[in-house]
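Just start01.cif here, mmCIF, C-alpha atoms (C1' of nucleotides):
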data_start
#
loop_
_atom_site.label_atom_id
_atom_site.label_comp_id
_atom_site.auth_asym_id
_atom_site.auth_seq_id
_atom_site.Cartn_x
_atom_site.Cartn_y
_atom_site.Cartn_z
CA MET A 1288 -15.95 -10.19 -65.38
CA GLU A 1289 -16.72 -12.60 -62.57
CA PHE A 1290 -14.61 -13.92 -59.73
CA HIS A 1291 -15.21 -17.30 -58.13
CA LEU A 1292 -13.38 -18.03 -54.90
CA GLN A 1293 -12.65 -21.77 -54.83
CA HIS A 1294 -10.38 -22.42 -51.85
CA THR A 1295 -8.97 -20.47 -48.92
CA ASP A 1296 -5.91 -21.83 -47.16
CA SER A 1297 -6.45 -22.78 -43.50
CA ASP A 1298 -2.96 -21.69 -42.36
CA SER A 1299 -2.78 -18.38 -44.26
CA GLN A 1300 -4.89 -15.96 -46.28
CA ALA A 1301 -3.88 -17.64 -49.57
CA ARG A 1302 -6.74 -18.25 -51.99
CA ALA A 1303 -7.41 -20.15 -55.20
CA GLY A 1304 -10.01 -18.76 -57.55
CA LEU A 1305 -11.19 -18.18 -61.11
CA ILE A 1306 -11.54 -14.88 -62.96
CA LYS A 1307 -13.92 -15.26 -65.87
CA THR A 1308 -13.66 -12.77 -68.73
CA ASP A 1309 -15.08 -12.73 -72.23
CA HIS A 1310 -11.60 -13.74 -73.46
CA GLY A 1311 -11.33 -16.74 -71.17
CA THR A 1312 -10.86 -17.85 -67.60
CA ILE A 1313 -7.84 -17.05 -65.45
CA GLU A 1314 -6.81 -19.34 -62.62
CA THR A 1315 -5.62 -17.44 -59.54
CA PRO A 1316 -3.23 -16.74 -58.03
CA ILE A 1317 -1.79 -15.53 -61.32
CA PHE A 1318 1.25 -13.70 -62.64
CA MET A 1319 0.66 -11.41 -65.63
CA PRO A 1320 3.60 -10.80 -68.03
CA VAL A 1321 4.09 -7.12 -68.85
CA GLY A 1322 3.68 -6.15 -72.50
CA THR A 1323 3.90 -2.39 -72.29
CA VAL A 1324 3.58 -1.43 -75.94
CA GLY A 1325 1.59 -4.44 -77.11
CA SER A 1326 4.56 -6.80 -76.93
CA VAL A 1327 6.09 -8.78 -74.10
CA LYS A 1328 9.67 -7.73 -74.83
CA SER A 1329 11.57 -10.34 -76.86
CA VAL A 1330 8.79 -12.93 -76.44
CA SER A 1331 6.43 -13.96 -79.24
CA GLN A 1332 2.73 -14.61 -78.79
CA GLN A 1333 3.40 -18.25 -79.72
CA ALA A 1334 5.92 -18.58 -76.88
CA LEU A 1335 3.56 -16.83 -74.47
CA THR A 1336 0.86 -19.36 -75.31
CA HIS A 1337 2.73 -22.63 -75.80
CA ASP A 1338 5.92 -22.31 -73.73
CA ILE A 1339 4.98 -19.92 -70.94
CA HIS A 1340 1.26 -20.75 -70.62
CA ALA A 1341 0.44 -17.10 -69.94
CA GLN A 1342 -3.24 -16.64 -69.12
CA ILE A 1343 -3.37 -12.82 -69.22
CA ILE A 1344 -0.89 -10.09 -70.19
CA LEU A 1345 -0.56 -6.37 -69.52
CA GLY A 1346 -0.62 -3.39 -71.83
CA ASN A 1347 0.05 0.21 -70.93
CA THR A 1348 -2.35 3.09 -71.60
CA TYR A 1349 0.34 5.78 -71.62
CA HIS A 1350 2.59 3.98 -74.10
CA LEU A 1351 -0.15 2.70 -76.41
CA PHE A 1352 -1.82 6.13 -76.51
CA LEU A 1353 1.44 7.73 -77.66
CA ARG A 1354 2.21 4.91 -80.11
CA PRO A 1355 0.47 3.63 -82.19
CA GLY A 1356 -2.44 5.75 -80.89
CA THR A 1357 -6.13 5.03 -80.37
CA ASP A 1358 -7.04 5.57 -84.03
CA ILE A 1359 -4.88 2.67 -85.21
CA LEU A 1360 -5.97 0.49 -82.28
CA GLU A 1361 -9.65 1.06 -83.11
CA GLN A 1362 -9.06 0.31 -86.80
CA ALA A 1363 -7.37 -2.95 -85.72
CA GLY A 1364 -10.36 -3.91 -83.61
CA GLY A 1365 -8.57 -3.19 -80.35
CA LEU A 1366 -5.32 -4.49 -78.93
CA HIS A 1367 -6.47 -8.13 -79.02
CA GLY A 1368 -6.88 -8.02 -82.78
CA PHE A 1369 -3.88 -5.78 -83.35
CA MET A 1370 -1.40 -8.09 -81.58
CA HIS A 1371 -3.33 -11.30 -82.30
CA TRP A 1372 -3.77 -12.21 -78.63
CA ASP A 1373 -7.18 -13.67 -77.86
CA LYS A 1374 -6.70 -14.21 -74.13
CA PRO A 1375 -7.42 -11.56 -71.49
CA ILE A 1376 -5.54 -8.24 -71.36
CA LEU A 1377 -5.22 -5.84 -68.44
CA THR A 1378 -4.10 -2.26 -69.05
CA ASP A 1379 -2.32 -0.06 -66.58
CA SER A 1380 -3.76 3.43 -66.60
CA GLY A 1381 -0.55 5.41 -66.93
CA GLY A 1382 -0.62 6.32 -63.26
CA TYR A 1383 2.76 4.70 -62.77
CA GLN A 1384 4.21 6.70 -65.66
CA VAL A 1385 3.06 9.82 -63.83
CA TYR A 1386 5.45 8.63 -61.13
CA SER A 1387 8.30 7.31 -63.25
CA LEU A 1388 8.26 10.25 -65.67
CA ALA A 1389 8.07 12.73 -62.79
CA GLN A 1390 10.40 15.29 -64.36
CA ASN A 1391 7.90 16.06 -67.08
CA ARG A 1392 4.61 15.87 -65.24
CA LYS A 1393 2.21 18.41 -63.77
CA LEU A 1394 -0.62 17.24 -61.54
CA SER A 1395 -3.85 19.16 -61.04
CA GLU A 1396 -7.35 18.39 -59.90
CA GLU A 1397 -8.37 18.01 -63.53
CA GLY A 1398 -5.71 15.42 -64.35
CA VAL A 1399 -2.06 15.14 -65.28
CA THR A 1400 -0.23 16.97 -68.04
CA PHE A 1401 2.98 15.50 -69.39
CA SER A 1402 5.24 15.71 -72.38
CA SER A 1403 5.78 12.65 -74.54
CA HIS A 1404 9.13 10.90 -74.16
CA ILE A 1405 8.94 10.18 -77.90
CA ASP A 1406 8.44 13.62 -79.45
CA GLY A 1407 8.01 16.04 -76.54
CA SER A 1408 4.37 16.76 -77.43
CA HIS A 1409 2.14 17.86 -74.54
CA HIS A 1410 -0.89 15.86 -73.42
CA LEU A 1411 -3.52 15.93 -70.69
CA PHE A 1412 -4.70 12.69 -69.07
CA THR A 1413 -7.93 13.10 -67.13
CA PRO A 1414 -9.61 10.19 -65.35
CA GLU A 1415 -12.30 10.23 -68.04
CA LYS A 1416 -9.81 10.26 -70.90
CA VAL A 1417 -7.87 7.35 -69.43
CA VAL A 1418 -11.07 5.27 -69.36
CA ASP A 1419 -11.83 6.30 -72.95
CA ILE A 1420 -8.35 5.25 -74.12
CA GLN A 1421 -8.72 1.89 -72.38
CA ARG A 1422 -12.07 1.48 -74.14
CA SER A 1423 -10.20 2.01 -77.44
CA ILE A 1424 -7.57 -0.52 -76.40
CA GLY A 1425 -10.29 -2.98 -75.40
CA ALA A 1426 -8.67 -4.26 -72.22
CA ASP A 1427 -10.64 -6.88 -70.30
CA ILE A 1428 -9.55 -5.22 -67.09
CA MET A 1429 -8.98 -1.46 -66.98
CA MET A 1430 -7.30 0.48 -64.18
CA VAL A 1431 -8.30 3.85 -62.75
CA LEU A 1432 -5.95 6.81 -63.02
CA ASP A 1433 -4.08 7.20 -59.75
CA GLU A 1434 -1.05 8.96 -58.38
CA CYS A 1435 1.74 6.66 -57.19
CA PRO A 1436 3.66 8.76 -54.64
CA PRO A 1437 7.40 8.21 -54.36
CA PHE A 1438 9.18 6.66 -51.37
CA PRO A 1439 9.97 8.17 -48.98
CA CYS A 1440 6.93 10.46 -48.91
CA GLU A 1441 5.90 12.99 -46.26
CA LYS A 1442 2.59 12.11 -44.69
CA LYS A 1443 1.16 15.48 -45.63
CA TYR A 1444 1.91 14.86 -49.31
CA ALA A 1445 0.68 11.25 -49.14
CA THR A 1446 -2.61 12.45 -47.61
CA GLY A 1447 -3.20 15.06 -50.31
CA SER A 1448 -2.19 12.61 -53.02
CA LEU A 1449 -4.60 9.99 -51.68
CA GLY A 1450 -7.47 12.50 -51.80
CA LEU A 1451 -6.72 13.17 -55.45
CA THR A 1452 -6.52 9.44 -56.23
CA GLU A 1453 -9.91 8.92 -54.52
CA ARG A 1454 -11.63 11.72 -56.45
CA TRP A 1455 -10.11 10.45 -59.70
CA ALA A 1456 -11.34 6.92 -58.92
CA ILE A 1457 -14.92 8.20 -58.61
CA ARG A 1458 -14.64 10.04 -61.91
CA CYS A 1459 -13.21 6.91 -63.59
CA LYS A 1460 -16.06 4.81 -62.20
CA ASN A 1461 -18.63 7.30 -63.48
CA ARG A 1462 -17.08 7.32 -66.95
CA TRP A 1463 -16.92 3.52 -66.93
CA GLN A 1464 -20.62 3.29 -66.05
CA GLU A 1465 -21.75 5.77 -68.72
CA THR A 1466 -19.73 4.19 -71.58
CA GLU A 1467 -19.63 0.78 -73.24
CA GLY A 1468 -16.94 -1.36 -74.84
CA LEU A 1469 -16.30 -0.85 -78.56
CA TYR A 1470 -15.76 -4.47 -79.54
CA GLY A 1471 -18.61 -6.43 -77.97
CA HIS A 1472 -16.81 -7.81 -74.92
CA SER A 1473 -17.19 -6.51 -71.40
CA GLN A 1474 -14.49 -4.47 -69.67
CA ALA A 1475 -14.04 -4.40 -65.90
CA LEU A 1476 -12.57 -1.49 -63.94
CA PHE A 1477 -10.32 -1.85 -60.86
CA PRO A 1478 -9.66 0.99 -58.39
CA ILE A 1479 -6.28 1.32 -56.64
CA VAL A 1480 -5.41 1.59 -52.94
CA GLN A 1481 -2.70 4.17 -52.14
CA GLY A 1482 -1.49 5.77 -48.90
CA SER A 1483 2.29 5.19 -49.01
CA VAL A 1484 3.51 3.32 -45.89
CA TYR A 1485 1.08 4.99 -43.43
CA PRO A 1486 -1.28 2.39 -41.90
CA ASP A 1487 -4.11 4.87 -41.23
CA LEU A 1488 -3.97 6.16 -44.81
CA ARG A 1489 -3.87 2.62 -46.20
CA ARG A 1490 -6.84 1.65 -44.03
CA ARG A 1491 -8.84 4.67 -45.16
CA SER A 1492 -7.91 4.04 -48.81
CA ALA A 1493 -8.75 0.32 -48.68
CA GLU A 1494 -12.14 1.06 -47.11
CA PHE A 1495 -12.86 3.73 -49.70
CA THR A 1496 -11.71 1.46 -52.53
CA ALA A 1497 -13.90 -1.41 -51.30
CA SER A 1498 -16.89 0.94 -51.03
CA LEU A 1499 -16.73 1.69 -54.77
CA GLY A 1500 -18.06 -1.82 -55.38
CA LEU A 1501 -16.05 -2.41 -58.55
CA PRO A 1502 -15.34 -5.95 -59.91
CA GLY A 1503 -11.82 -6.16 -58.42
CA ASN A 1504 -9.37 -4.12 -56.37
CA ALA A 1505 -5.71 -3.23 -56.69
CA ILE A 1506 -2.99 -2.28 -54.23
CA GLY A 1507 -0.60 0.27 -55.68
CA GLY A 1508 2.27 2.44 -54.49
CA LEU A 1509 4.36 -0.43 -53.14
CA SER A 1510 7.68 -1.88 -54.30
CA VAL A 1511 8.88 1.66 -54.94
CA GLY A 1512 11.90 1.44 -52.63
CA GLU A 1513 10.32 0.91 -49.21
CA PRO A 1514 11.63 -1.87 -46.91
CA HIS A 1515 10.18 -5.31 -47.61
CA GLU A 1516 8.64 -5.39 -44.15
CA SER A 1517 6.66 -2.23 -44.95
CA MET A 1518 5.48 -3.73 -48.22
CA TYR A 1519 4.25 -6.88 -46.49
CA GLU A 1520 2.62 -4.92 -43.65
CA MET A 1521 0.73 -2.66 -46.04
CA THR A 1522 -0.31 -5.59 -48.23
CA GLU A 1523 -1.58 -7.55 -45.22
CA LEU A 1524 -3.49 -4.53 -43.94
CA CYS A 1525 -5.14 -3.90 -47.33
CA CYS A 1526 -6.02 -7.55 -47.93
CA GLY A 1527 -7.72 -7.62 -44.54
CA ILE A 1528 -10.08 -4.86 -45.66
CA LEU A 1529 -10.61 -5.49 -49.37
CA PRO A 1530 -13.58 -7.83 -49.98
CA ALA A 1531 -12.81 -11.56 -50.15
CA ASP A 1532 -15.24 -12.18 -52.99
CA LYS A 1533 -13.32 -10.00 -55.44
CA PRO A 1534 -9.79 -10.42 -56.86
CA ARG A 1535 -6.94 -8.50 -55.25
CA TYR A 1536 -4.19 -7.25 -57.53
CA LEU A 1537 -0.81 -6.18 -56.09
CA MET A 1538 0.67 -3.88 -58.73
CA GLY A 1539 4.32 -4.12 -59.78
CA VAL A 1540 5.36 -6.99 -57.48
CA GLY A 1541 7.81 -8.62 -57.57
CA THR A 1542 10.51 -11.20 -56.84
CA PRO A 1543 9.55 -14.89 -56.60
CA GLU A 1544 9.82 -14.52 -52.82
CA ASN A 1545 7.52 -11.46 -52.89
CA LEU A 1546 4.92 -13.44 -54.87
CA LEU A 1547 4.92 -16.34 -52.43
CA GLU A 1548 4.72 -14.10 -49.35
CA CYS A 1549 1.97 -11.94 -50.81
CA ILE A 1550 -0.05 -14.94 -52.02
CA ALA A 1551 0.01 -16.00 -48.36
CA LEU A 1552 -1.40 -12.56 -47.47
CA GLY A 1553 -4.35 -12.97 -49.83
CA VAL A 1554 -3.19 -11.45 -53.13
CA ASP A 1555 -4.57 -13.03 -56.32
CA MET A 1556 -2.89 -11.13 -59.16
CA PHE A 1557 0.64 -9.85 -59.80
CA ASP A 1558 2.56 -8.15 -62.56
CA CYS A 1559 6.20 -7.16 -62.66
CA VAL A 1560 8.87 -6.28 -65.20
CA MET A 1561 11.47 -8.17 -63.20
CA PRO A 1562 11.32 -11.56 -64.99
CA THR A 1563 11.67 -9.92 -68.41
CA ARG A 1564 13.94 -6.97 -67.64
CA ASN A 1565 16.31 -9.02 -65.50
CA ALA A 1566 16.29 -11.75 -68.14
CA ARG A 1567 17.58 -9.24 -70.67
CA HIS A 1568 20.42 -8.45 -68.27
CA GLY A 1569 21.35 -12.12 -67.80
CA MET A 1570 19.59 -12.99 -64.54
CA ILE A 1571 17.41 -16.08 -64.42
CA PHE A 1572 15.15 -17.27 -61.62
CA THR A 1573 14.88 -20.99 -60.96
CA ARG A 1574 13.49 -23.27 -58.26
CA GLU A 1575 17.12 -23.80 -57.22
CA GLY A 1576 17.82 -20.08 -56.84
CA ILE A 1577 18.99 -17.08 -58.84
CA ARG A 1578 21.69 -17.30 -61.52
CA ASN A 1579 23.59 -14.57 -63.35
CA MET A 1580 24.13 -16.30 -66.69
CA LYS A 1581 26.99 -13.92 -67.59
CA ASN A 1582 29.16 -15.32 -64.81
CA ALA A 1583 32.43 -16.97 -65.93
CA LYS A 1584 31.62 -20.16 -64.05
CA TYR A 1585 29.07 -21.11 -66.73
CA ALA A 1586 31.58 -20.89 -69.61
CA ASP A 1587 32.03 -24.69 -69.75
CA ASP A 1588 28.85 -25.81 -67.98
CA PHE A 1589 27.07 -27.82 -70.65
CA SER A 1590 24.19 -28.95 -68.44
CA PRO A 1591 20.66 -27.85 -69.41
CA LEU A 1592 19.71 -24.26 -68.57
CA ASP A 1593 17.19 -25.56 -66.03
CA PRO A 1594 17.15 -29.35 -65.56
CA ASP A 1595 14.03 -29.25 -63.35
CA SER A 1596 11.88 -27.48 -65.92
CA ASP A 1597 9.70 -28.96 -68.64
CA CYS A 1598 9.97 -25.76 -70.70
CA LEU A 1599 11.49 -26.29 -74.16
CA VAL A 1600 14.27 -23.67 -73.83
CA ASP A 1601 15.32 -25.04 -70.44
CA GLN A 1602 16.03 -28.52 -71.84
CA TYR A 1603 17.11 -27.48 -75.35
CA TYR A 1604 19.91 -25.03 -74.47
CA SER A 1605 22.92 -25.43 -72.15
CA LYS A 1606 24.13 -22.90 -69.58
CA ALA A 1607 27.42 -22.54 -71.49
CA TYR A 1608 25.57 -21.75 -74.72
CA VAL A 1609 23.29 -19.20 -73.08
CA ARG A 1610 26.28 -17.53 -71.41
CA HIS A 1611 28.01 -17.40 -74.78
CA LEU A 1612 24.94 -15.80 -76.36
CA PHE A 1613 24.88 -13.13 -73.64
CA LYS A 1614 28.60 -12.38 -74.02
CA ALA A 1615 28.16 -12.18 -77.78
CA GLN A 1616 25.11 -9.91 -77.33
CA GLU A 1617 22.92 -12.18 -79.39
CA TYR A 1618 19.15 -11.52 -79.44
CA LEU A 1619 18.51 -15.21 -78.85
CA ALA A 1620 19.94 -14.80 -75.33
CA LEU A 1621 17.20 -12.31 -74.45
CA GLN A 1622 14.53 -14.58 -75.91
CA ILE A 1623 15.72 -17.70 -74.09
CA ALA A 1624 16.13 -15.96 -70.72
CA SER A 1625 12.80 -14.10 -70.99
CA ILE A 1626 10.89 -17.26 -71.91
CA HIS A 1627 12.63 -19.13 -69.11
CA ASN A 1628 11.85 -16.52 -66.45
CA LEU A 1629 8.20 -16.07 -67.45
CA HIS A 1630 7.74 -19.84 -67.59
CA PHE A 1631 9.22 -20.06 -64.10
CA TYR A 1632 6.93 -17.31 -62.75
CA LEU A 1633 3.86 -18.99 -64.22
CA TRP A 1634 5.04 -22.37 -62.93
CA LEU A 1635 5.49 -20.85 -59.46
CA VAL A 1636 1.96 -19.42 -59.20
CA THR A 1637 0.47 -22.59 -60.70
CA GLU A 1638 2.26 -24.69 -58.08
CA ALA A 1639 1.11 -22.30 -55.37
CA ARG A 1640 -2.47 -22.78 -56.55
CA LYS A 1641 -2.10 -26.56 -56.49
CA HIS A 1642 -0.80 -26.49 -52.92
CA ILE A 1643 -3.54 -24.09 -51.79
CA VAL A 1644 -6.09 -26.53 -53.16
CA ALA A 1645 -4.24 -29.51 -51.66
CA GLY A 1646 -4.06 -27.83 -48.26
CA ASP A 1647 -0.26 -27.87 -47.77
CA PHE A 1648 0.53 -24.38 -49.05
CA ALA A 1649 2.22 -23.09 -45.87
CA THR A 1650 4.86 -25.83 -45.67
CA TRP A 1651 5.44 -25.80 -49.42
CA LYS A 1652 5.83 -22.00 -49.39
CA LYS A 1653 8.36 -22.00 -46.55
CA ASP A 1654 10.53 -24.51 -48.38
CA MET A 1655 10.17 -22.75 -51.74
CA VAL A 1656 11.04 -19.28 -50.34
CA GLU A 1657 14.27 -20.73 -48.98
CA LYS A 1658 15.10 -22.16 -52.40
CA VAL A 1659 14.21 -19.28 -54.71
CA THR A 1660 16.17 -16.71 -52.71
CA ARG A 1661 19.46 -18.57 -52.99
CA ARG A 1662 22.24 -17.01 -55.07
CA LEU A 1663 23.86 -19.64 -57.27
"C1'" G B 807 68.08 1.57 -101.48
"C1'" A B 808 66.27 6.55 -99.56
"C1'" G B 809 62.82 9.68 -96.80
"C1'" C B 810 58.82 10.13 -93.35
"C1'" C B 811 55.53 8.21 -89.65
"C1'" U B 812 54.51 4.69 -85.70
"C1'" G B 813 54.99 1.65 -81.02
"C1'" U B 814 51.20 3.44 -73.92
"C1'" A B 815 46.09 -1.87 -70.15
"C1'" G B 816 43.60 -7.84 -73.76
"C1'" C B 817 41.79 -3.93 -77.89
"C1'" U B 818 41.20 1.40 -79.56
"C1'" U B 819 43.10 5.80 -78.15
"C1'" A B 820 44.68 10.30 -74.28
"C1'" A B 821 48.55 12.73 -71.69
"C1'" G B 822 54.24 16.62 -75.70
"C1'" G B 823 59.71 17.12 -69.02
"C1'" G B 824 56.95 16.68 -62.65
"C1'" U B 825 53.78 10.09 -58.84
"C1'" A B 826 50.28 7.37 -66.63
"C1'" A B 827 43.92 8.70 -68.21
"C1'" A B 828 39.38 7.11 -70.87
"C1'" G B 829 36.21 3.99 -73.77
"C1'" C B 830 35.57 -0.99 -74.97
"C1'" G B 831 36.78 -5.88 -72.94
"C1'" A B 832 37.25 -8.99 -68.69
"C1'" C B 833 35.32 -9.87 -63.61
"C1'" A B 834 31.35 -9.04 -60.21
"C1'" G B 835 27.02 -6.55 -58.23
"C1'" U B 836 22.26 -4.29 -59.24
"C1'" U B 837 17.30 -4.06 -61.54
"C1'" U B 838 9.79 -4.50 -58.59
"C1'" G B 839 2.10 -1.12 -62.34
"C1'" U B 840 9.41 -1.28 -68.54
"C1'" G B 841 11.57 5.76 -71.46
"C1'" G B 842 13.84 -1.49 -75.73
"C1'" U B 843 21.11 -4.38 -74.73
"C1'" G B 844 20.14 -0.08 -68.66
"C1'" C B 845 22.92 1.31 -63.92
"C1'" U B 846 27.17 0.74 -60.29
"C1'" G B 847 31.78 -1.03 -58.96
"C1'" U B 848 36.42 -3.79 -59.58
"C1'" U B 849 40.46 -5.26 -62.58
"C1'" A B 850 44.43 -4.10 -65.44
"C1'" G B 851 50.31 -0.78 -67.91
"C1'" A B 852 57.26 0.73 -63.73
"C1'" U B 853 54.57 3.55 -71.80
"C1'" C B 854 58.62 -2.21 -77.69
"C1'" C B 855 63.90 -2.85 -76.54
"C1'" C B 856 69.13 -0.76 -75.62
"C1'" G B 857 71.75 3.52 -74.40
"C1'" G B 858 72.08 8.97 -73.56
"C1'" U B 859 70.57 14.19 -71.77
"C1'" U B 860 68.14 15.82 -67.03
"C1'" C B 861 67.21 16.65 -60.02
"C1'" G B 862 63.27 14.23 -62.81
"C1'" A B 863 61.75 11.04 -69.45
"C1'" A B 864 55.76 7.96 -72.00
"C1'" U B 865 57.41 12.88 -73.50
"C1'" C B 866 63.90 15.30 -75.67
"C1'" C B 867 68.43 12.80 -78.34
"C1'" G B 868 71.00 8.32 -80.70
"C1'" G B 869 70.47 3.29 -82.07
"C1'" U B 870 68.05 -1.83 -82.71
"C1'" C B 871 63.59 -4.04 -83.84
"C1'" U B 872 58.08 -3.91 -85.28
"C1'" G B 873 54.21 -2.11 -88.30
"C1'" G B 874 52.79 1.45 -92.03
"C1'" C B 875 53.18 5.38 -95.94
"C1'" U B 876 55.89 7.79 -99.98
"C1'" C B 877 59.76 7.98 -103.61
"C1'" C B 878 63.53 5.51 -106.79
#

Would you give me this structure, written as structure tokens?
Amino acid sequence: MEFHLQHTDSDSQARAGLIKTDHGTIETPIFMPVGTVGSVKSVSQQALTHDIHAQIILGNTYHLFLRPGTDILEQAGGLHGFMHWDKPILTDSGGYQVYSLAQNRKLSEEGVTFSSHIDGSHHLFTPEKVVDIQRSIGADIMMVLDECPPFPCEKKYATGSLGLTERWAIRCKNRWQETEGLYGHSQALFPIVQGSVYPDLRRRSAEFTASLGLPGNAIGGLSVGEPHESMYEMTELCCGILPADKPRYLMGVGTPENLLECIALGVDMFDCVMPTRNARHGMIFTREGIRNMKNAKYADDFSPLDPDSDCLVDQYYSKAYVRHLFKAQEYLALQIASIHNLHFYLWLVTEARKHIVAGDFATWKKDMVEKVTRRL
RNA sequence: GAGCCUGUAGCUUAAGGGUAAAGCGACAGUUUGUGGUGCUGUUAGAUCCCGGUUCGAAUCCGGUCUGGCUCC
């Protein structure tokens, strides 16, 4: 994997760049749709390619390990072959599931033990095993195993947790260096900055993370309930330390506003369940603002779902029809809203890139933040 | 024609003498490295109607009507 920095904004830290992988080139800043179990929920690969213009998607180590398992994935030639997706894939390590499945987990120096949410079976994830599983999956970008501490978090706990995350990162890097991909393409490894909302811990973690010299770097442990100001402060602090010649990935973020603000702070890559999960619950994001498509006011609104968009579903279906589909609990509602939201997210980062290159990102961003946060 | 049952929120059902509950629906809010239609809140009925018993009736009694079952 290679990263080429093309432009840096003069009024902010925003950057435009290219990430080159063996499965193709990604233009940054980029949003990566989440496809936890080898499927972006309710969205087909055809829609991802032709309607949404996704350049890279996510898979999840924890979920894919439990089902279908590494044996099936290896027989299929990796996740790319299995799901017939020939563009880049990034896999989360399962570190977040350690956090979100906290009631079943047990952390130790060796790794994390947990019981499966599917059949209750017990498993041990070590840093080495997590790299091995991601080798079986064949992700173009793999993530180290980390611990994502909850918010709020006592400083004492955050400090101990960060130490564990750092030692695990070294073990992941070692495993990555002593193994090779199974399918002939190269696989990068990204370490993850932690440290909760404590500036000194974040500084230490960012410096440590940078010192590992891996192909890219991630910022984790944010958007877990902390105030937005804290999230922006920590992101700014980390971006100031992480090397400029490697991509910066802010994990799990966020709203359209979050993306724009964090692009301005120097983030290159984002992923978030919000556009797909919220779509399934009737919320759509547009350049005019946020709409809840279940609201009664759309019952007789026969205008296009999103008149400003060139996406097929946005011109093809009316607001009234989409509201009807949601009220009738039709699967098509989830498909339309998910495709719409992902198309909007990809449109947003593509526009951001254009304005970074054109040199008017700051003014465009200010105007766009005001628009996308409106409640319609 | 006779006997029995039934009627409570828009719908399905609780409460069997002491200021009428719940689910669904409707209306709104929420959702940040996805445990696959989630979570939270609001709304709504003087209990079919008429009369009686009682300090007090959705509840007990009589009757009208509605819907259903059984028998001839």

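If we count all atoms listed in the file, these residues of chain B sit within 12 Å of chain A: G831, A832, C833, A834, G835, U836, U837, U838, G839, U840, G841, G842, U843, G844 and C845 of chain B.
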
Could you dump the residues just selected with C-alpha atoms (C1' of nucleotides) as an mmCIF file, in the frame of the given file?
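Dumped everything to part_18.cif:
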data_model
loop_
_atom_site.group_PDB
_atom_site.id
_atom_site.type_symbol
_atom_site.label_atom_id
_atom_site.label_comp_id
_atom_site.auth_asym_id
_atom_site.auth_seq_id
_atom_site.Cartn_x
_atom_site.Cartn_y
_atom_site.Cartn_z
ATOM 1 C "C1'" G B 831 36.780 -5.880 -72.940
ATOM 2 C "C1'" A B 832 37.250 -8.990 -68.690
ATOM 3 C "C1'" C B 833 35.320 -9.870 -63.610
ATOM 4 C "C1'" A B 834 31.350 -9.040 -60.210
ATOM 5 C "C1'" G B 835 27.020 -6.550 -58.230
ATOM 6 C "C1'" U B 836 22.260 -4.290 -59.240
ATOM 7 C "C1'" U B 837 17.300 -4.060 -61.540
ATOM 8 C "C1'" U B 838 9.790 -4.500 -58.590
ATOM 9 C "C1'" G B 839 2.100 -1.120 -62.340
ATOM 10 C "C1'" U B 840 9.410 -1.280 -68.540
ATOM 11 C "C1'" G B 841 11.570 5.760 -71.460
ATOM 12 C "C1'" G B 842 13.840 -1.490 -75.730
ATOM 13 C "C1'" U B 843 21.110 -4.380 -74.730
ATOM 14 C "C1'" G B 844 20.140 -0.080 -68.660
ATOM 15 C "C1'" C B 845 22.920 1.310 -63.920
#

Given the PyMOL selection byres ((chain A and resi 1466) around 12), the residues it picks as a tab-separated table (two decimals) with C-alpha atoms, keeping the file's coordinate frame:
chain	number	residue	atom	x	y	z
A	1415	GLU	CA	-12.30	10.23	-68.04
A	1416	LYS	CA	-9.81	10.26	-70.90
A	1418	VAL	CA	-11.07	5.27	-69.36
A	1419	ASP	CA	-11.83	6.30	-72.95
A	1420	ILE	CA	-8.35	5.25	-74.12
A	1421	GLN	CA	-8.72	1.89	-72.38
A	1422	ARG	CA	-12.07	1.48	-74.14
A	1423	SER	CA	-10.20	2.01	-77.44
A	1459	CYS	CA	-13.21	6.91	-63.59
A	1460	LYS	CA	-16.06	4.81	-62.20
A	1461	ASN	CA	-18.63	7.30	-63.48
A	1462	ARG	CA	-17.08	7.32	-66.95
A	1463	TRP	CA	-16.92	3.52	-66.93
A	1464	GLN	CA	-20.62	3.29	-66.05
A	1465	GLU	CA	-21.75	5.77	-68.72
A	1467	GLU	CA	-19.63	0.78	-73.24
A	1468	GLY	CA	-16.94	-1.36	-74.84
A	1469	LEU	CA	-16.30	-0.85	-78.56
A	1473	SER	CA	-17.19	-6.51	-71.40
A	1474	GLN	CA	-14.49	-4.47	-69.67
A	1475	ALA	CA	-14.04	-4.40	-65.90
A	1476	LEU	CA	-12.57	-1.49	-63.94

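Atom pair atom CA of Thr1413 of chain A / atom CA of Asp1433 of chain A: separated by 10.2 Å.
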
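Residues with any atom within 9 Å of segment 863-873 of chain B, counting all atoms listed in the file and excluding same-chain neighbours fewer than 4 positions away, are B:U812, B:G813, B:U814, B:A821, B:G822, B:G823, B:A826, B:U853, B:C854, B:C855, B:C856, B:G857, B:G858, B:U859.
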
May I have the residues from that selection written out with C-alpha atoms (C1' of nucleotides), as a compact mmCIF listing (two decimals), in the frame of the given file?
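The resulting file, part-v8.txt, is reproduced below:
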# COMPACT_ATOMS: atom_id res chain seq x y z
C1' U B 812 54.51 4.69 -85.70
C1' G B 813 54.99 1.65 -81.02
C1' U B 814 51.20 3.44 -73.92
C1' A B 821 48.55 12.73 -71.69
C1' G B 822 54.24 16.62 -75.70
C1' G B 823 59.71 17.12 -69.02
C1' A B 826 50.28 7.37 -66.63
C1' U B 853 54.57 3.55 -71.80
C1' C B 854 58.62 -2.21 -77.69
C1' C B 855 63.90 -2.85 -76.54
C1' C B 856 69.13 -0.76 -75.62
C1' G B 857 71.75 3.52 -74.40
C1' G B 858 72.08 8.97 -73.56
C1' U B 859 70.57 14.19 -71.77
